Every structure is written in structure tokens, then in C-alpha cells.
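Trainee: Structure file data_39.txt, compact mmCIF, C-alpha atoms and all ligand atoms, is pasted below:
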# COMPACT_ATOMS: atom_id res chain seq x y z
CA MET A 110 -16.65 -5.89 8.79
CA ARG A 111 -19.38 -4.37 10.81
CA SER A 112 -18.32 -0.80 11.39
CA ALA A 113 -21.93 0.42 11.62
CA ASP A 114 -22.63 -2.09 14.41
CA LEU A 115 -19.52 -0.94 16.22
CA PHE A 116 -20.67 2.66 15.80
CA ARG A 117 -24.05 1.86 17.37
CA ALA A 118 -22.47 -0.09 20.24
CA ARG A 119 -19.87 2.56 21.09
CA PHE A 120 -21.61 5.82 20.27
CA GLY A 121 -25.34 5.01 20.20
CA GLY A 122 -27.55 5.87 17.21
CA ALA A 123 -26.85 5.18 13.56
CA PRO A 124 -23.95 6.58 11.54
CA ASP A 125 -24.69 9.05 8.75
CA GLY A 126 -22.75 6.85 6.36
CA VAL A 127 -20.06 4.24 5.87
CA TRP A 128 -16.96 4.79 3.73
CA LEU A 129 -14.57 2.07 2.55
CA ALA A 130 -10.96 2.55 1.55
CA PRO A 131 -8.87 -0.37 0.27
CA GLY A 132 -5.40 -1.57 1.10
CA ARG A 133 -3.11 -2.07 -1.88
CA ALA A 134 -0.50 -4.34 -3.36
CA ASN A 135 2.17 -3.03 -5.68
CA LEU A 136 2.56 -5.10 -8.84
CA MET A 137 5.87 -3.49 -9.79
CA GLY A 138 8.15 -0.61 -8.84
CA GLU A 139 9.61 -0.90 -5.33
CA HIS A 140 11.70 1.88 -3.78
CA THR A 141 11.14 3.77 -7.02
CA ASP A 142 8.61 6.29 -5.64
CA TYR A 143 11.05 8.48 -3.71
CA ASN A 144 13.41 8.34 -6.71
CA ASP A 145 10.75 10.15 -8.81
CA GLY A 146 10.09 6.88 -10.66
CA TYR A 147 7.13 4.70 -11.61
CA VAL A 148 4.94 2.45 -9.48
CA LEU A 149 2.09 0.14 -10.50
CA PRO A 150 -0.17 -0.62 -7.53
CA PHE A 151 -3.68 -2.04 -7.53
CA ALA A 152 -6.38 -1.73 -4.86
CA LEU A 153 -7.25 -4.82 -2.83
CA GLY A 154 -10.74 -6.10 -2.09
CA GLN A 155 -9.77 -5.79 1.58
CA ASN A 156 -10.81 -2.47 3.11
CA ILE A 157 -10.88 -0.22 6.12
CA ALA A 158 -14.49 0.77 6.84
CA ALA A 159 -15.28 4.04 8.61
CA ALA A 160 -18.82 4.45 9.95
CA ALA A 161 -19.18 8.14 10.71
CA ALA A 162 -21.65 10.79 11.82
CA ARG A 163 -21.42 14.52 12.40
CA ARG A 164 -21.67 15.82 15.96
CA THR A 165 -21.97 19.33 17.32
CA GLY A 166 -18.80 20.96 18.59
CA ARG A 167 -15.27 20.77 17.22
CA ARG A 168 -14.31 17.33 18.50
CA LEU A 169 -13.62 13.93 16.99
CA ALA A 170 -14.41 10.64 18.74
CA LEU A 171 -12.55 7.66 17.26
CA CYS A 172 -12.74 3.94 17.96
CA SER A 173 -11.61 0.81 16.14
CA ARG A 174 -12.66 -2.80 16.41
CA GLN A 175 -9.00 -3.74 16.02
CA GLN A 176 -7.92 -1.57 18.96
CA PRO A 177 -8.81 -2.51 22.53
CA THR A 178 -8.90 1.04 23.87
CA ALA A 179 -12.01 3.10 24.62
CA ALA A 180 -12.93 5.81 22.11
CA VAL A 181 -10.25 8.47 21.71
CA GLU A 182 -11.52 12.07 22.05
CA ILE A 183 -9.67 14.74 20.08
CA ALA A 184 -10.24 18.50 20.13
CA LEU A 185 -9.88 19.98 16.64
CA ASP A 186 -8.99 23.41 17.99
CA GLY A 187 -5.34 23.58 19.00
CA LEU A 188 -4.55 20.20 17.41
CA ALA A 189 -0.87 19.85 16.44
CA PRO A 190 1.60 17.12 15.45
CA GLY A 191 2.92 15.24 18.47
CA GLN A 192 -0.28 15.58 20.50
CA VAL A 193 -1.88 12.32 19.41
CA THR A 194 0.04 9.05 19.58
CA GLY A 195 -0.85 5.50 18.57
CA TRP A 196 -3.36 4.53 15.90
CA ALA A 197 -5.57 7.62 16.39
CA ALA A 198 -2.72 9.77 15.02
CA TYR A 199 -3.64 8.62 11.48
CA PRO A 200 -7.25 9.91 11.48
CA ALA A 201 -6.34 12.91 13.67
CA GLY A 202 -3.53 13.73 11.23
CA VAL A 203 -5.99 13.70 8.34
CA ALA A 204 -8.25 16.16 10.18
CA TRP A 205 -5.28 18.41 10.93
CA GLU A 206 -3.96 18.36 7.36
CA LEU A 207 -7.43 19.06 5.94
CA GLU A 208 -7.56 22.18 8.12
CA GLN A 209 -3.99 23.12 7.15
CA ALA A 210 -5.18 22.96 3.53
CA GLY A 211 -8.01 25.37 4.36
CA TYR A 212 -10.93 22.94 4.74
CA GLN A 213 -13.04 23.21 7.88
CA VAL A 214 -13.43 19.77 9.41
CA PRO A 215 -16.73 19.04 11.16
CA GLY A 216 -17.00 17.48 14.61
CA ALA A 217 -17.58 13.76 14.05
CA ARG A 218 -17.77 10.32 15.56
CA ILE A 219 -15.97 7.61 13.59
CA ALA A 220 -15.95 3.84 14.16
CA ILE A 221 -13.32 1.83 12.25
CA ASP A 222 -13.40 -1.81 11.21
CA SER A 223 -11.00 -3.57 8.86
CA ASP A 224 -10.08 -6.71 7.00
CA VAL A 225 -6.70 -5.33 5.89
CA PRO A 226 -4.07 -6.92 8.14
CA ALA A 227 -2.11 -4.14 9.87
CA GLY A 228 1.65 -3.97 9.47
CA ALA A 229 1.71 -6.56 6.66
CA GLY A 230 2.89 -4.15 3.96
CA LEU A 231 -0.62 -3.91 2.49
CA SER A 232 -1.01 -0.32 3.53
CA SER A 233 -3.64 -0.44 6.23
CA SER A 234 -2.29 2.94 7.34
CA ALA A 235 -3.14 4.67 4.05
CA ALA A 236 -6.50 2.89 3.97
CA LEU A 237 -7.23 4.27 7.44
CA GLU A 238 -6.24 7.77 6.35
CA CYS A 239 -8.23 7.63 3.12
CA ALA A 240 -11.40 6.21 4.73
CA THR A 241 -11.22 9.00 7.32
CA ALA A 242 -10.48 11.66 4.70
CA LEU A 243 -13.39 10.65 2.50
CA ALA A 244 -15.77 10.36 5.47
CA LEU A 245 -14.87 13.79 6.88
CA THR A 246 -15.02 15.61 3.55
CA GLU A 247 -18.27 14.01 2.41
CA LEU A 248 -19.90 14.53 5.84
CA ALA A 249 -19.06 18.22 5.52
CA GLY A 250 -20.00 18.42 1.83
CA LEU A 251 -16.48 19.55 0.91
CA ALA A 252 -15.42 19.17 -2.70
CA VAL A 253 -11.85 17.92 -2.64
CA SER A 254 -10.39 16.18 -5.69
CA ARG A 255 -9.04 12.67 -5.21
CA PRO A 256 -5.42 13.62 -6.03
CA GLU A 257 -5.59 16.46 -3.50
CA LEU A 258 -7.14 14.14 -0.91
CA ALA A 259 -4.28 11.67 -1.51
CA ALA A 260 -1.73 14.44 -0.98
CA ILE A 261 -3.47 15.50 2.24
CA ALA A 262 -3.58 11.90 3.55
CA ARG A 263 0.09 11.45 2.67
CA ARG A 264 1.04 14.61 4.55
CA ALA A 265 -0.90 13.27 7.56
CA GLU A 266 1.36 10.21 7.55
CA ASN A 267 4.56 12.22 6.91
CA GLU A 268 4.04 15.25 9.12
CA PHE A 269 1.55 14.20 11.79
CA VAL A 270 2.35 10.51 12.31
CA GLY A 271 6.00 11.01 11.36
CA VAL A 272 6.45 8.24 8.75
CA PRO A 273 8.39 9.41 5.64
CA SER A 274 6.34 7.44 3.08
CA GLY A 275 5.76 8.27 -0.60
CA ILE A 276 2.51 9.08 -2.43
CA MET A 277 1.83 5.58 -3.79
CA ASP A 278 -0.31 4.12 -1.00
CA GLN A 279 -2.80 6.96 -0.73
CA SER A 280 -3.00 7.31 -4.52
CA ALA A 281 -3.76 3.61 -4.86
CA SER A 282 -6.48 3.72 -2.22
CA LEU A 283 -8.16 6.75 -3.79
CA LEU A 284 -7.57 6.37 -7.55
CA CYS A 285 -7.52 2.67 -8.50
CA GLN A 286 -10.31 1.11 -10.55
CA PRO A 287 -11.57 -2.50 -10.47
CA GLY A 288 -9.83 -4.71 -13.03
CA HIS A 289 -6.99 -2.21 -13.38
CA ALA A 290 -3.60 -1.34 -11.97
CA LEU A 291 -2.62 2.31 -11.56
CA LEU A 292 0.48 3.51 -13.39
CA LEU A 293 1.70 6.42 -11.31
CA ASP A 294 4.56 8.66 -12.34
CA CYS A 295 5.91 9.87 -9.01
CA ARG A 296 7.70 12.83 -10.67
CA SER A 297 4.75 14.41 -12.48
CA LEU A 298 2.08 12.68 -10.33
CA GLU A 299 0.29 11.82 -13.56
CA SER A 300 -1.55 8.53 -13.41
CA SER A 301 -3.32 6.22 -15.83
CA GLN A 302 -5.38 3.06 -15.58
CA VAL A 303 -3.85 -0.14 -16.98
CA PRO A 304 -6.19 -3.10 -17.60
CA PHE A 305 -5.24 -5.87 -15.17
CA ASP A 306 -7.66 -8.74 -14.72
CA PRO A 307 -5.75 -11.94 -13.98
CA ALA A 308 -8.90 -13.94 -13.14
CA ALA A 309 -10.23 -13.39 -16.67
CA ALA A 310 -7.02 -14.98 -17.97
CA GLY A 311 -7.11 -17.98 -15.64
CA ALA A 312 -4.52 -16.55 -13.28
CA GLY A 313 -4.69 -15.66 -9.61
CA LEU A 314 -2.94 -13.25 -7.26
CA LEU A 315 -1.96 -14.59 -3.89
CA LEU A 316 -0.69 -12.43 -1.06
CA ILE A 317 1.36 -14.16 1.58
CA ASN A 318 1.82 -12.25 4.83
CA THR A 319 5.10 -13.66 6.12
CA ARG A 320 4.32 -12.22 9.57
CA ALA A 321 7.93 -11.13 9.92
CA LYS A 322 8.43 -7.68 11.38
CA HIS A 323 11.90 -6.29 11.69
CA ASP A 324 12.95 -3.42 13.92
CA LEU A 325 15.53 -2.64 11.27
CA SER A 326 13.05 -1.32 8.77
CA ASP A 327 12.89 2.35 9.78
CA GLY A 328 16.64 2.95 9.86
CA GLU A 329 17.31 0.88 6.75
CA TYR A 330 14.54 2.65 4.78
CA GLY A 331 16.09 6.02 5.60
CA ARG A 332 19.54 4.69 4.69
CA ARG A 333 18.34 3.44 1.28
CA ARG A 334 16.80 6.83 0.55
CA ALA A 335 20.05 8.55 1.47
CA GLU A 336 22.07 6.13 -0.69
CA CYS A 337 19.85 6.80 -3.70
CA GLU A 338 20.17 10.57 -3.19
CA GLU A 339 23.93 10.22 -2.92
CA ALA A 340 24.08 8.11 -6.09
CA ALA A 341 22.08 10.75 -7.98
CA ARG A 342 24.32 13.52 -6.60
CA ARG A 343 27.48 11.74 -7.73
CA LEU A 344 25.99 11.20 -11.18
CA GLY A 345 25.01 14.87 -11.37
CA ILE A 346 21.31 14.20 -11.93
CA PRO A 347 18.26 15.42 -9.95
CA SER A 348 17.10 11.88 -9.13
CA LEU A 349 17.72 8.30 -10.25
CA ARG A 350 14.61 8.57 -12.43
CA SER A 351 16.73 10.53 -14.90
CA LEU A 352 18.75 7.39 -15.69
CA THR A 353 17.15 5.19 -18.30
CA ASN A 354 20.21 3.35 -19.52
CA LEU A 355 21.40 0.63 -17.17
CA ALA A 356 24.98 1.03 -18.41
CA ASP A 357 25.11 4.58 -16.96
CA VAL A 358 24.99 3.04 -13.49
CA ASP A 359 28.53 1.79 -14.06
CA ARG A 360 29.79 5.37 -13.78
CA LEU A 361 29.33 4.97 -10.03
CA THR A 362 32.58 3.71 -8.56
CA ASP A 363 31.14 2.84 -5.16
CA PRO A 364 29.87 -0.78 -5.41
CA VAL A 365 27.02 -0.31 -2.91
CA LEU A 366 25.69 2.83 -4.58
CA ARG A 367 26.05 1.11 -7.95
CA ARG A 368 23.88 -1.81 -6.79
CA ARG A 369 21.24 0.49 -5.29
CA ALA A 370 21.04 2.56 -8.49
CA ARG A 371 20.92 -0.57 -10.65
CA HIS A 372 17.83 -1.78 -8.79
CA VAL A 373 16.03 1.54 -9.19
CA VAL A 374 16.79 1.91 -12.90
CA ALA A 375 15.90 -1.73 -13.64
CA ASP A 376 12.70 -1.62 -11.58
CA ASN A 377 11.48 1.53 -13.35
CA GLN A 378 12.02 -0.30 -16.64
CA ARG A 379 10.19 -3.38 -15.30
CA VAL A 380 7.16 -1.20 -14.49
CA LEU A 381 7.09 -0.01 -18.11
CA ASP A 382 7.62 -3.57 -19.35
CA VAL A 383 4.67 -4.87 -17.30
CA VAL A 384 2.50 -1.99 -18.55
CA GLY A 385 3.51 -2.89 -22.11
CA LEU A 386 2.58 -6.54 -21.57
CA LEU A 387 -0.78 -5.67 -20.02
CA SER A 388 -1.62 -3.06 -22.63
CA SER A 389 -1.01 -5.33 -25.61
CA PRO A 390 -1.44 -8.87 -24.30
CA SER A 391 -0.15 -11.77 -26.32
CA ALA A 392 -2.75 -13.78 -28.23
CA ALA A 393 -2.00 -16.62 -25.82
CA VAL A 394 -2.93 -14.76 -22.63
CA ALA A 395 -1.10 -17.28 -20.46
CA ASP A 396 2.14 -16.14 -22.14
CA THR A 397 1.50 -12.60 -20.93
CA TYR A 398 1.17 -13.78 -17.35
CA HIS A 399 4.19 -16.00 -17.75
CA ASP A 400 6.21 -12.96 -18.82
CA ILE A 401 4.85 -10.77 -16.02
CA GLY A 402 5.68 -13.55 -13.55
CA ARG A 403 9.26 -13.65 -14.78
CA LEU A 404 9.56 -9.89 -14.25
CA LEU A 405 8.15 -10.27 -10.72
CA THR A 406 10.79 -12.84 -9.84
CA GLN A 407 13.55 -10.70 -11.41
CA ALA A 408 12.36 -7.81 -9.25
CA HIS A 409 12.58 -9.99 -6.16
CA LEU A 410 16.17 -10.97 -6.92
CA SER A 411 17.01 -7.31 -7.53
CA LEU A 412 15.46 -6.32 -4.18
CA ARG A 413 17.29 -9.18 -2.49
CA ASP A 414 20.74 -8.82 -4.04
CA ASP A 415 21.07 -5.22 -5.27
CA PHE A 416 18.82 -3.27 -2.92
CA GLU A 417 19.27 -5.73 0.01
CA VAL A 418 15.87 -5.23 1.60
CA SER A 419 14.48 -8.77 1.48
CA TRP A 420 14.21 -11.03 4.51
CA PRO A 421 14.54 -14.82 4.99
CA GLU A 422 10.79 -15.55 5.14
CA ALA A 423 10.22 -13.65 1.88
CA ASP A 424 13.06 -15.47 0.10
CA ALA A 425 11.76 -18.85 1.26
CA THR A 426 8.20 -17.90 0.18
CA VAL A 427 9.31 -16.90 -3.31
CA GLU A 428 11.39 -20.06 -3.67
CA ALA A 429 8.57 -22.36 -2.52
CA ALA A 430 5.95 -20.59 -4.66
CA LEU A 431 8.09 -20.89 -7.81
CA ALA A 432 8.83 -24.56 -7.13
CA ALA A 433 5.07 -25.19 -6.78
CA GLY A 434 4.24 -23.65 -10.16
CA ALA A 435 3.79 -19.89 -9.62
CA PHE A 436 4.40 -17.69 -12.70
CA GLY A 437 6.47 -15.46 -10.45
CA ALA A 438 6.63 -13.88 -7.00
CA ARG A 439 8.27 -11.04 -5.19
CA MET A 440 8.41 -9.26 -1.86
CA ILE A 441 6.34 -6.08 -1.81
CA GLY A 442 6.65 -2.97 0.33
CA GLY A 443 9.69 -1.37 1.90
CA GLY A 444 11.27 -4.64 3.00
CA PHE A 445 12.56 -6.39 6.12
CA GLY A 446 9.10 -7.79 6.79
CA GLY A 447 5.60 -7.80 5.34
CA SER A 448 4.16 -9.68 2.39
CA VAL A 449 4.99 -11.49 -0.83
CA LEU A 450 2.85 -11.22 -3.97
CA ALA A 451 2.65 -14.36 -6.11
CA LEU A 452 1.11 -14.57 -9.57
CA VAL A 453 -0.15 -18.11 -10.07
CA PRO A 454 -2.07 -20.13 -12.64
CA ALA A 455 -5.53 -20.40 -11.04
CA ALA A 456 -5.22 -24.18 -10.66
CA PHE A 457 -1.97 -23.82 -8.73
CA GLY A 458 -3.28 -21.63 -5.90
CA GLY A 459 -3.72 -24.62 -3.56
CA PRO A 460 -0.33 -26.24 -4.26
CA VAL A 461 1.44 -22.87 -3.82
CA ARG A 462 -0.24 -22.35 -0.43
CA ASP A 463 0.70 -25.87 0.63
CA ALA A 464 4.30 -25.44 -0.48
CA VAL A 465 4.74 -22.13 1.36
CA THR A 466 3.03 -23.49 4.47
CA GLY A 467 5.37 -26.49 4.35
CA ALA A 468 8.47 -24.33 3.92
CA PHE A 469 7.52 -22.29 7.00
CA ALA A 470 6.71 -25.39 9.10
CA GLN A 471 10.04 -26.96 8.14
CA ARG A 472 11.84 -23.92 9.57
CA SER A 473 9.58 -23.65 12.65
CA TRP A 474 8.39 -20.18 11.58
CA THR A 475 4.96 -18.83 12.53
CA ALA A 476 2.51 -19.99 9.85
CA PRO A 477 1.99 -17.43 7.09
CA GLU A 478 -1.36 -15.82 6.33
CA PHE A 479 -2.83 -16.08 2.81
CA LEU A 480 -5.09 -13.52 1.17
CA ASP A 481 -6.60 -13.72 -2.30
CA ALA A 482 -6.03 -10.46 -4.13
CA ALA A 483 -7.99 -9.01 -7.02
CA PRO A 484 -7.68 -5.52 -8.55
CA SER A 485 -10.60 -3.76 -6.85
CA ALA A 486 -12.35 -0.42 -6.41
CA SER A 487 -10.91 2.69 -4.79
CA ALA A 488 -12.39 4.34 -1.72
CA HIS A 489 -16.14 4.92 -1.87
CA ARG A 490 -19.25 5.38 0.20
CA VAL A 491 -21.44 2.32 0.65
CA ALA A 492 -25.22 2.38 0.92
CA LEU A 493 -25.98 1.36 4.49
CA GLN A 494 -29.41 -0.11 3.75
CA LEU A 495 -28.24 -2.13 0.78
CA VAL A 496 -25.34 -3.71 2.58
CA ARG A 497 -27.40 -4.52 5.69
CA LEU A 498 -29.88 -6.45 3.55
CA ARG A 499 -27.20 -8.86 2.35
CA PRO A 500 -27.11 -12.33 3.93
CA THR A 501 -24.77 -12.35 6.92
CA GLY A 502 -21.19 -13.41 6.32
CA GLY A 503 -21.44 -12.67 2.63
CA SER A 504 -19.57 -9.41 2.25
CA SER A 505 -16.20 -8.11 3.29
CA ALA A 506 -17.60 -4.65 2.67
CA GLY A 507 -20.14 -4.93 5.46
CA ALA A 508 -21.38 -1.68 6.81
P1 LIG B 601 0.80 -1.11 6.91
O1 LIG B 601 0.39 0.21 6.38
O2 LIG B 601 1.74 -1.84 6.03
O3 LIG B 601 -0.34 -1.98 7.31
P2 LIG B 601 1.88 0.56 8.97
O4 LIG B 601 2.83 0.30 10.08
O5 LIG B 601 2.20 1.63 8.02
O6 LIG B 601 1.64 -0.85 8.25
O7 LIG B 601 0.45 0.90 9.58
C1 LIG B 601 -0.10 0.09 10.59
C2 LIG B 601 -0.71 0.98 11.65
O8 LIG B 601 -1.93 1.57 11.14
C3 LIG B 601 -1.15 0.22 12.89
O9 LIG B 601 -0.08 0.08 13.79
C4 LIG B 601 -2.25 1.13 13.43
O10 LIG B 601 -1.68 2.22 14.12
C5 LIG B 601 -2.89 1.64 12.16
N1 LIG B 601 -4.02 0.77 11.79
C6 LIG B 601 -4.09 -0.10 10.78
N2 LIG B 601 -5.28 -0.74 10.75
C7 LIG B 601 -5.99 -0.26 11.79
C8 LIG B 601 -7.30 -0.52 12.33
N3 LIG B 601 -8.11 -1.42 11.79
N4 LIG B 601 -7.68 0.18 13.42
C9 LIG B 601 -6.87 1.08 13.98
N5 LIG B 601 -5.63 1.36 13.54
C10 LIG B 601 -5.19 0.71 12.47
MG MG B 602 1.65 1.89 6.00
Now, as a test, write the supplied structure out as C-alpha cells.
Ligand code: ADP
Ligand code: MG
Mentor:
Amino acid sequence: MRSADLFRARFGGAPDGVWLAPGRANLMGEHTDYNDGYVLPFALGQNIAAAAARRTGRRLALCSRQQPTAAVEIALDGLAPGQVTGWAAYPAGVAWELEQAGYQVPGARIAIDSDVPAGAGLSSSAALECATALALTELAGLAVSRPELAAIARRAENEFVGVPSGIMDQSASLLCQPGHALLLDCRSLESSQVPFDPAAAGAGLLLINTRAKHDLSDGEYGRRRAECEEAARRLGIPSLRSLTNLADVDRLTDPVLRRRARHVVADNQRVLDVVGLLSSPSAAVADTYHDIGRLLTQAHLSLRDDFEVSWPEADATVEAALAAGAFGARMIGGGFGGSVLALVPAAFGGPVRDAVTGAFAQRSWTAPEFLDAAPSASAHRVALQLVRLRPTGGSSAGA
């Protein structure tokens, strides 16, 4: 990534600073966030970089290396939802929500670069929001806590862009620590760091972007939310989080609602089970990863059969990865497209890639994209001079 070079080429002069915000993968807890449940994401080493500088006047200029358009100019005065469409709505939404929260946003020029694939379920959108949010607040010297910044970035996505997402993605991008996953209670918004360092235990995390994108996803996501709310209403509870006993799900007479609720209750428990395994690992560390892998695969089957949000490329990926020796694998994200997360013994990374590539070729699907994942740092400012002194091609965090 060379966001500072892009800044110089598009805007002239040097940026005041460069801020990175990571994408994320969710180890466990899918479709649990809007049910007030638990999620367990970790930050990726892949980031959105925002090279930014203040400018006089109340205007933003935005460009991105991944977008062919000329810089987008946005007036901060009179800004309102609906005025900005396309990718610039994410950073513009952050500026708007900061002002809604009472923070005065400075005029700024921002150049974006990224190695988080967009639309792959790895949350490039939240990374874009969080990089912008951190750049704007630090440029202006505003003291905004990370949890508040996450809430502001989430509202940008919900209210300004119009995507009804939960708080997980922005929390992961702003709160995760290297070598840890983030246990987030979506009811209380309390979070804690859970040690998670697969490499130290001879394991690896492989992300497989299946490249499938389904038009279904928006409508189906809304439908799942409505089904979960209806299940909770019929059970007389505020949200499905209140159920901790799987047997209580059987009080639902509607078979579809019963399946949806079963997934949510079981996945919340799987989050706690993974946290338990990571917090007190077995003396034979490989056993711990074996057990976590089994929970990942169980979660995939639950998402496939009970929640019905998987897609053929994800099912084939999980199947091929398991056959090639993965500890476990599951689809991540909302479903109907995006990525699969596989937990693999380090020595099996190559065979798993080959097996998945083969499964896709056999079905004449577009080849999948592989990314190595490692629990990494949350959003932060990078020292321009330091990064520019590194040998070229060496860093994904290039400024
Ligand atoms: P995900 O968050 O899973 O990657 P989304 O559909 O939520 O998928 O967000 C993808 C959108 O975020 C893109 O369509 C684009 O508008 C914006 N985006 C992501 N990365 C970039 C980038 N590098 N430059 C500009 N816009 C980006
Ligand atoms: Mg997104």
C-alpha cells in the first residue's frame, strides 16, 4: 500500500500522517450480534490506509487507489444522508456522524489505499470508516474514546450509507490487539482480550475468498433478523440472547423459527466454548486447536442447515479443506457470498490451498483467493518516515 504516494500524486504535497485500520475475521459467533449475543473477531494484518492532511475551509477531498474516479469533493456544511453515493459515502458518513456527535470535523484531504479485498466479508467497509475516523479525529486533536469512535463509525454505515450492520466490525477494527481475539458482548458492549496465537502453536489461519456474491444477501439478512425477533417475541424474551438452554428452543412450534433460534443459541455457546479453550489451553496445544476446529465446522453446519445462509462455494471449500487436513473451517460473515475461515496445522496450508483450488476448478468456478490471517493490531497511526525507510515491497502497512 502506498497511500502517501497516492496522496502526493493526487493532491500535491505530503500528508500530515497515515492511519491504518484493519479488516477482520470472526472466529466464532455469526448472526449473534443483532441477537444481543457474543462475537469473537480478530483483526487482520490486511489494512485500509488513509493518508490525510488538513486543509483550510470546510471541505473534504477523497480519493482511493481502488476506485477509478477522480477525487470526490464534499462540503461539510449542509451534508446529509442521501447526498453522497458510492464508496465516498463511508468516509463522508463518518464526518457527518462525528459532527452529529458534537465533534467539529476539520477540512481535509484523504487518499485511501488497501490490501483488504472489498466485498469479501472481511469488512473493508468498517476498515474504511475506522481509518477515516481515526485520521479526522487525530488531525483535529479530538479526544474520542475507541468504543465511541466504533459507535460513530457504525452509525455512519447504518444511517448514512444505509447498511443495517451490527457493532462487531468497527469494534474489531478499533479494539483488537495482536495475538488476541476480542470477546464482545453485544448486549452490554463489554469486551475483553482473549489470547489467540495459532502460529505459536504450529497452526495457521487461512482465509479463502470464494468470490461469490449473491444479490440475495440484503433481503435474506433482513429476513433472518426479522425471524430472530419473531422467535424471541413468541418465546416472550427480549432477544434470543436470553436463551441459554438449547432445549428451550423446542418451545417454538414453527420449524423455521426453531432452526433459526437453535443456531443463535448454539453459536453463542460455541463462542464461550472457544474462549474457554483459548483461556485454558490443553497441555497438548494441538488438542486445543483440534477442538476449536471441530467447533468451527459445527458452526458451519449450523449456518448451512439451521440458519440457511451458506452458499455452494463455501460448502465445497469447507469440505475440501477438511478432507485435506484442516482442523476445521466455516463460512464467515452474513452469508450468501464472501469468505471461509480455515484453521489448519501449519504444515497443511499448502495441501488445503491445493484441495480448494482443485474443487473450484472441477466445478468451473472462478479461482478462489487465499489470504494468510494472523490476529493483528487495531487501527493506529504509522510513522511516515519509518515506513518509507523500509525496503520496497516489504510491508503491507506501507505509508
Ligand atoms: P466488506 O465490508 O465485506 O468488504 P461491503 O460491501 O460492506 O463489503 O463494503 C465494500 C464497500 O466498501 C465497497 O463497495 C466500497 O464502496 C467500499 N470500499 C472498500 N474498500 C475500499 C477502498 N479500498 N477504496 C474505496 N472504497 C472501498
Ligand atoms: Mg462491510
Trainee: If we count all atoms listed in the file and set the cut-off at 10 Å, which residues sit around range 139-142 of chain A, ignoring sequence neighbours fewer than 3 positions away in its own chain? Please answer as a tab-separated table (two decimals) with C-alpha atoms, keeping the file's coordinate frame.
Mentor:
chain	number	residue	atom	x	y	z
A	135	ASN	CA	2.17	-3.03	-5.68
A	136	LEU	CA	2.56	-5.10	-8.84
A	145	ASP	CA	10.75	10.15	-8.81
A	146	GLY	CA	10.09	6.88	-10.66
A	147	TYR	CA	7.13	4.70	-11.61
A	148	VAL	CA	4.94	2.45	-9.48
A	149	LEU	CA	2.09	0.14	-10.50
A	274	SER	CA	6.34	7.44	3.08
A	275	GLY	CA	5.76	8.27	-0.60
A	276	ILE	CA	2.51	9.08	-2.43
A	277	MET	CA	1.83	5.58	-3.79
A	293	LEU	CA	1.70	6.42	-11.31
A	294	ASP	CA	4.56	8.66	-12.34
A	295	CYS	CA	5.91	9.87	-9.01
A	296	ARG	CA	7.70	12.83	-10.67
A	330	TYR	CA	14.54	2.65	4.78
A	333	ARG	CA	18.34	3.44	1.28
A	334	ARG	CA	16.80	6.83	0.55
A	337	CYS	CA	19.85	6.80	-3.70
A	349	LEU	CA	17.72	8.30	-10.25
A	350	ARG	CA	14.61	8.57	-12.43
A	369	ARG	CA	21.24	0.49	-5.29
A	372	HIS	CA	17.83	-1.78	-8.79
A	373	VAL	CA	16.03	1.54	-9.19
A	374	VAL	CA	16.79	1.91	-12.90
A	375	ALA	CA	15.90	-1.73	-13.64
A	376	ASP	CA	12.70	-1.62	-11.58
A	377	ASN	CA	11.48	1.53	-13.35
A	380	VAL	CA	7.16	-1.20	-14.49
A	408	ALA	CA	12.36	-7.81	-9.25
A	409	HIS	CA	12.58	-9.99	-6.16
A	412	LEU	CA	15.46	-6.32	-4.18
A	416	PHE	CA	18.82	-3.27	-2.92
A	418	VAL	CA	15.87	-5.23	1.60
A	440	MET	CA	8.41	-9.26	-1.86
A	441	ILE	CA	6.34	-6.08	-1.81
A	442	GLY	CA	6.65	-2.97	0.33
A	443	GLY	CA	9.69	-1.37	1.90
A	444	GLY	CA	11.27	-4.64	3.00
Trainee: Using all atoms listed in the file, find the one residue out of A:Ala204, A:Ala161, A:Ala152, A:Val272 that sits nearest to ligand LIG 601 (chain B).
Mentor: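 Selected residue with least distance to ligand LIG 601 (chain B): A:Val272.
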Trainee: Around ligand LIG 601 (chain B), out to 10 Å and counting only C-alpha atoms and all ligand atoms, which residues are there? I want them as a PyMOL selection string.
Mentor: chain A and resi 132-134+156-159+171-177+194-200+220-238+266+270+272+274+278+322+442-443+446-448
Trainee: For ligand MG 602 (chain B), which residue among A:Leu404, A:Ser282, A:Glu329, A:Arg367 is the nearest when counting all atoms listed in the file?
Mentor: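 Looking only at the distances to ligand MG 602 (chain B), the closest residue turns out to be A:Ser282.
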Trainee: Given all atoms listed in the file as the basis, pick out the residue of A:Arg263, A:Arg472, A:Arg343, A:His399 nearest to ligand MG 602 (chain B).
Mentor: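 Looking at the shortest contact to ligand MG 602 (chain B), the residue is A:Arg263.
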Trainee: Just checking: using all atoms listed in the file, which residue out of A:Leu251, A:Val453, A:Arg368, A:Ala259 ends up closest to Asp414 in chain A?
Mentor: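 Going through A:Leu251, A:Val453, A:Arg368, A:Ala259 one by one, the smallest distance to Asp414 in chain A is for A:Arg368.
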Trainee: One number please: CA of Ala482 in chain A to CA of Gln155 in chain A, in Å, one decimal.
Mentor: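 It comes out at 8.3 Å.
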Trainee: As an exercise, work out the distance from CA of Ala170 in chain A to CA of Gly126 in chain A in Å and give it to one decimal place.
Mentor: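 Result for CA of Ala170 in chain A versus CA of Gly126 in chain A: 15.4 Å, one decimal.
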Trainee: Could you please determine the separation between CA of Thr241 in chain A and CA of Phe305 in chain A in Å, to one decimal place?
Mentor: 27.6 Å
Trainee: Of the candidates A:Thr466, A:Gln209, A:Thr353, A:Thr406, which shows the shortest atom-to-atom distance to Asp424 in chain A, using only C-alpha atoms?
Mentor: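 Closest candidate: A:Thr406.
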Trainee: Identify which of the residues A:Ala180, A:Leu207, A:Ala456, A:Glu422 lies closest to Ala321 in chain A, counting all atoms listed in the file when measuring atom-to-atom distances.
Mentor: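 Closest candidate: A:Glu422.
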Trainee: Using all atoms listed in the file - which residues lie no farther than 10 Å from the point (20.7, 8.0, -11.2) in the file's frame? Write them as a ChimeraX atom specification.
Mentor: /A:144,337-355,357-358,360-361,366-367,369-371,373-374
Trainee: Might you pull out every residue within 10 Å of Pro304 in chain A, with all atoms listed in the file counted and same-chain residues fewer than 5 positions away left off, and present them as a PyMOL selection string?
Mentor: chain A and resi 286-291+384+387-389+484
Trainee: Extract, using only C-alpha atoms, all DNA, RNA and protein residues at most 8 Å from Ala113 in chain A, discarding same-chain residues fewer than 6 positions from it, and format them as a list of chain:residue names.
Mentor: A:Ala123, A:Pro124, A:Val127, A:Ala160, A:Ala220, A:Ala508
